[in-house]
Amino acid sequence: MSAATATKARTVKPPQVKPQQPLFIGGRWLDSVSGKTFPTVNPATGEAICQVAEGDKADVDLAVKAARKAFEDGPWPRMSASERGRVLNRLADLVEQHKEELAALESLDNGKPYRDAIAADLPLTIKCYRYYAGWTDKIHGKTIPVDGPYFCYTKHEPVGVVGQIIPWNFPLLMQAWKWGPALATGCTVVLKPAEQTPLTALRLGELICEAGFPDGVINIVTGFGETAGAGLAAHSQVDKIAFTGSTEVGKLILQAAAGNLKKVSLELGGKSPNIVCADADLEVAIPGAASAIFFNHGQCCCAGSRLYVEKKVFDKVLDGVSEQAKRIKVGSGMDPGTEMGPLVSAEQFQRVNSYLESGRSQGAKTVVGGQRAGSKGYFVEPTVLVDVKPDMKVVKEEIFGPVVVAMPVSDMNEVQAAANETTYGLAAGIWTNDIAKAHTLASQLRAGTVWINCYNIFDAALPFGGYKESGWGREMGHDVLELYTETKAVCVKL
Ligand code: ADP
């Protein structure tokens, strides 16, 4: 789904936001144990939207105990699988009924255009819950022939209490990627939303009460990574931790998880190559390459941030992508005409600007953009850089902003080597009309997803995750169910 395909809304109704937002633990709304709160900020203005409970280790402990009780004694893991599916489907229906409100809340808290939230985040979120509702009664084992007079079979049982830590770039969708498989398999959950974007997670807490989830099945602890997040990753009563975020924090999660050897799945960063071959349909490839980096302001772990273009068409593609960048309408996400909103936070704004500065100081040339947009809020112009070298920071490191580096390449051997010259391996794009070249390159690229003549296409049925330092395990599709279940082998003497 791309900004280009997003639909236009006429007006955006501002969402109602309660001034104080508590934690959701054991089916109850609670203040944090410390009584502390923190503001969540509208990134278009830099002003606080409301105060959110600041959960830390003590609140995580309460939430884990509630999830443990719901897992050990509650009805959730014991109810029939199809009944669990019905509850999950009710959640999907409720999200659908409230989709305009949720899209507006997401836009307000995250900064993303309402038109993208309503066209991409919400439909993908709803589909994800429905998809996993459908899996509940289709998770089964095998009978296995072994030597001797034994009847053997396997069962797939819920892994237990799952801690889930999500980022701020697609808050509702990342929550659905995590909750969908956890709930389908009968696990219970403690979610730690990103401190920058807690509001839609908390609103979903209200909807899960309405959907009829038993108390303690889902718990939501808002707070900061170093306290609440770290407490969850280290907790000895958590059986599995699922994390989406930076590679740097992913490594900390691994260390924290070592104490009780909880299962770990990680969906981390990327610096994804997007390759335009000379034989591609440039009418499609140029807007495709622009959308690959500028969708969601480049705040996508799979953003097509390294653009490799065959020399013959480099100037044409560069001009085309730069022209697209210039035309993007930057403004408040709540304005229905906006195509790119502010970056999510002051910290992210600083980070992207420091990469722009590093690019300039290391000799990169800015073709378009490169500056702050406007005078308040965290807006950065869509930016195209050229004259870059493989060892520059802007080429090697994940910027997580609307910044693409464009590089000419001579042939497919060169591009394959350059594309794989990264510690990441999340995604890649290929634009070509040569079917053999497309599939050859697709198999040569060390990336978890390869898009051919498209980019940023997601579906709940399609596994997503990374090679190398982009992560461990796959989310979505059937693959993720393995991460939320334990296989039990049962052996009967005949
Ligand atoms: P980003 O750099 O995109 O903000 P992070 O990896 O810092 O991504 O954050 C993603 C999620 O991880 C957020 O919910 C954040 O609060 C959480 N987090 C950050 N640091 C830690 C940590 N040390 N332990 C556990 N969770 C953390």
# chains A, B, ... in the order shown; residues from 1 in each chain; ligands from 1

call {"tool": "residues_around", "arguments": {"residues": "A:Ala81", "least_positions_apart": "4", "cutoff": "8 Å", "atoms": "only C-alpha atoms", "output": "VMD selection string"}}
result
chain A and resid 85 136 to 137 184

call {"tool": "residues_near_ligand", "arguments": {"ligand": "ligand 1", "cutoff": "7 Å", "atoms": "only C-alpha atoms and all ligand atoms", "output": "ChimeraX atom specification"}}
result
/A:165-168,192-195,223-226,229-230,233,244-250,252-253

call {"tool": "write_last_selection", "arguments": {"atoms": "N, CA, C and O atoms", "output": "short mmCIF file (atom, residue, chain, number, x, y, z; two decimals), in the first residue's frame"}}
result
data_model
loop_
_atom_site.label_atom_id
_atom_site.label_comp_id
_atom_site.auth_asym_id
_atom_site.auth_seq_id
_atom_site.Cartn_x
_atom_site.Cartn_y
_atom_site.Cartn_z
N ILE A 165 6.80 -5.90 22.50
CA ILE A 165 7.28 -4.50 22.53
C ILE A 165 7.24 -3.98 21.10
O ILE A 165 7.86 -4.57 20.21
N ILE A 166 6.50 -2.91 20.91
CA ILE A 166 6.30 -2.46 19.52
C ILE A 166 6.80 -1.02 19.32
O ILE A 166 6.92 -0.26 20.28
N PRO A 167 7.05 -0.66 18.07
CA PRO A 167 7.55 0.68 17.76
C PRO A 167 6.41 1.64 17.43
O PRO A 167 5.24 1.28 17.49
N TRP A 168 6.80 2.84 17.01
CA TRP A 168 5.83 3.92 16.81
C TRP A 168 5.46 4.14 15.35
O TRP A 168 4.65 5.00 15.06
N LYS A 192 3.82 -3.61 25.44
CA LYS A 192 4.44 -2.31 25.78
C LYS A 192 4.47 -1.50 24.48
O LYS A 192 5.32 -1.72 23.63
N PRO A 193 3.52 -0.56 24.33
CA PRO A 193 3.54 0.27 23.11
C PRO A 193 4.72 1.24 23.16
O PRO A 193 5.31 1.45 24.23
N ALA A 194 5.03 1.83 22.03
CA ALA A 194 6.11 2.83 22.01
C ALA A 194 5.66 4.07 22.79
O ALA A 194 4.49 4.45 22.72
N GLU A 195 6.59 4.66 23.51
CA GLU A 195 6.24 5.82 24.34
C GLU A 195 5.77 7.02 23.49
O GLU A 195 5.04 7.88 23.96
N GLY A 223 4.86 3.16 28.80
CA GLY A 223 6.05 3.60 29.54
C GLY A 223 7.25 3.59 28.60
O GLY A 223 7.09 3.39 27.39
N PHE A 224 8.41 3.76 29.19
CA PHE A 224 9.62 3.91 28.38
C PHE A 224 10.35 2.57 28.20
O PHE A 224 10.16 1.62 28.98
N GLY A 225 11.19 2.54 27.17
CA GLY A 225 11.90 1.32 26.83
C GLY A 225 12.85 0.85 27.90
O GLY A 225 12.87 -0.33 28.26
N GLU A 226 13.63 1.79 28.43
CA GLU A 226 14.70 1.41 29.38
C GLU A 226 14.12 0.89 30.69
O GLU A 226 14.81 0.22 31.46
N GLY A 229 9.99 -1.50 29.10
CA GLY A 229 10.40 -2.45 28.05
C GLY A 229 11.44 -3.42 28.57
O GLY A 229 11.33 -4.65 28.42
N ALA A 230 12.48 -2.87 29.21
CA ALA A 230 13.56 -3.71 29.72
C ALA A 230 13.03 -4.66 30.79
O ALA A 230 13.42 -5.84 30.85
N ALA A 233 11.27 -7.53 29.03
CA ALA A 233 12.20 -8.44 28.34
C ALA A 233 12.93 -9.34 29.34
O ALA A 233 13.28 -10.47 29.02
N THR A 244 9.66 -5.51 17.99
CA THR A 244 9.92 -4.82 16.73
C THR A 244 10.52 -3.47 17.07
O THR A 244 9.95 -2.73 17.89
N GLY A 245 11.65 -3.15 16.46
CA GLY A 245 12.30 -1.87 16.73
C GLY A 245 13.70 -1.88 16.14
O GLY A 245 13.98 -2.61 15.18
N SER A 246 14.58 -1.09 16.75
CA SER A 246 15.92 -0.93 16.19
C SER A 246 16.78 -2.17 16.47
O SER A 246 16.57 -2.88 17.46
N THR A 247 17.77 -2.37 15.63
CA THR A 247 18.71 -3.49 15.80
C THR A 247 19.46 -3.33 17.12
O THR A 247 19.69 -4.30 17.84
N GLU A 248 19.80 -2.08 17.42
CA GLU A 248 20.53 -1.80 18.67
C GLU A 248 19.73 -2.30 19.89
O GLU A 248 20.26 -3.02 20.75
N VAL A 249 18.45 -1.94 19.95
CA VAL A 249 17.63 -2.38 21.09
C VAL A 249 17.35 -3.89 21.00
O VAL A 249 17.31 -4.57 22.02
N GLY A 250 17.23 -4.41 19.78
CA GLY A 250 17.04 -5.85 19.62
C GLY A 250 18.14 -6.65 20.32
O GLY A 250 17.88 -7.68 20.95
N LEU A 252 19.83 -5.64 22.93
CA LEU A 252 19.61 -5.52 24.38
C LEU A 252 18.52 -6.48 24.83
O LEU A 252 18.58 -7.08 25.92
N ILE A 253 17.49 -6.64 23.98
CA ILE A 253 16.38 -7.54 24.32
C ILE A 253 16.93 -8.98 24.47
O ILE A 253 16.57 -9.70 25.40
#

call {"tool": "closest_residue", "arguments": {"among": "A:Ser32, A:Thr338, A:Ser470, A:Ser291", "to": "A:Lys57", "atoms": "only C-alpha atoms"}}
result
A:Ser32

call {"tool": "residues_around", "arguments": {"residues": "A:Pro15", "least_positions_apart": "4", "cutoff": "7 Å", "atoms": "only C-alpha atoms", "output": "PyMOL selection string"}}
result
chain A and resi 101+104-105

call {"tool": "residues_around", "arguments": {"residues": "A:Asp281", "least_positions_apart": "4", "cutoff": "8 Å", "atoms": "only C-alpha atoms", "output": "ChimeraX atom specification"}}
result
/A:285,431-433

call {"tool": "select_by_dssp", "arguments": {"residues": "stretch 285-441 of chain A", "states": "alpha helix (DSSP H)", "output": "PyMOL selection string"}}
result
chain A and resi 285-294+311-327+346-361+393-396+412-420+435-441

call {"tool": "residues_around", "arguments": {"residues": "stretch 214-222 of chain A", "least_positions_apart": "3", "cutoff": "7 Å", "atoms": "only C-alpha atoms", "output": "PyMOL selection string"}}
result
chain A and resi 23-27+53-55+60+63+66-67+70+76+188-193+195+198
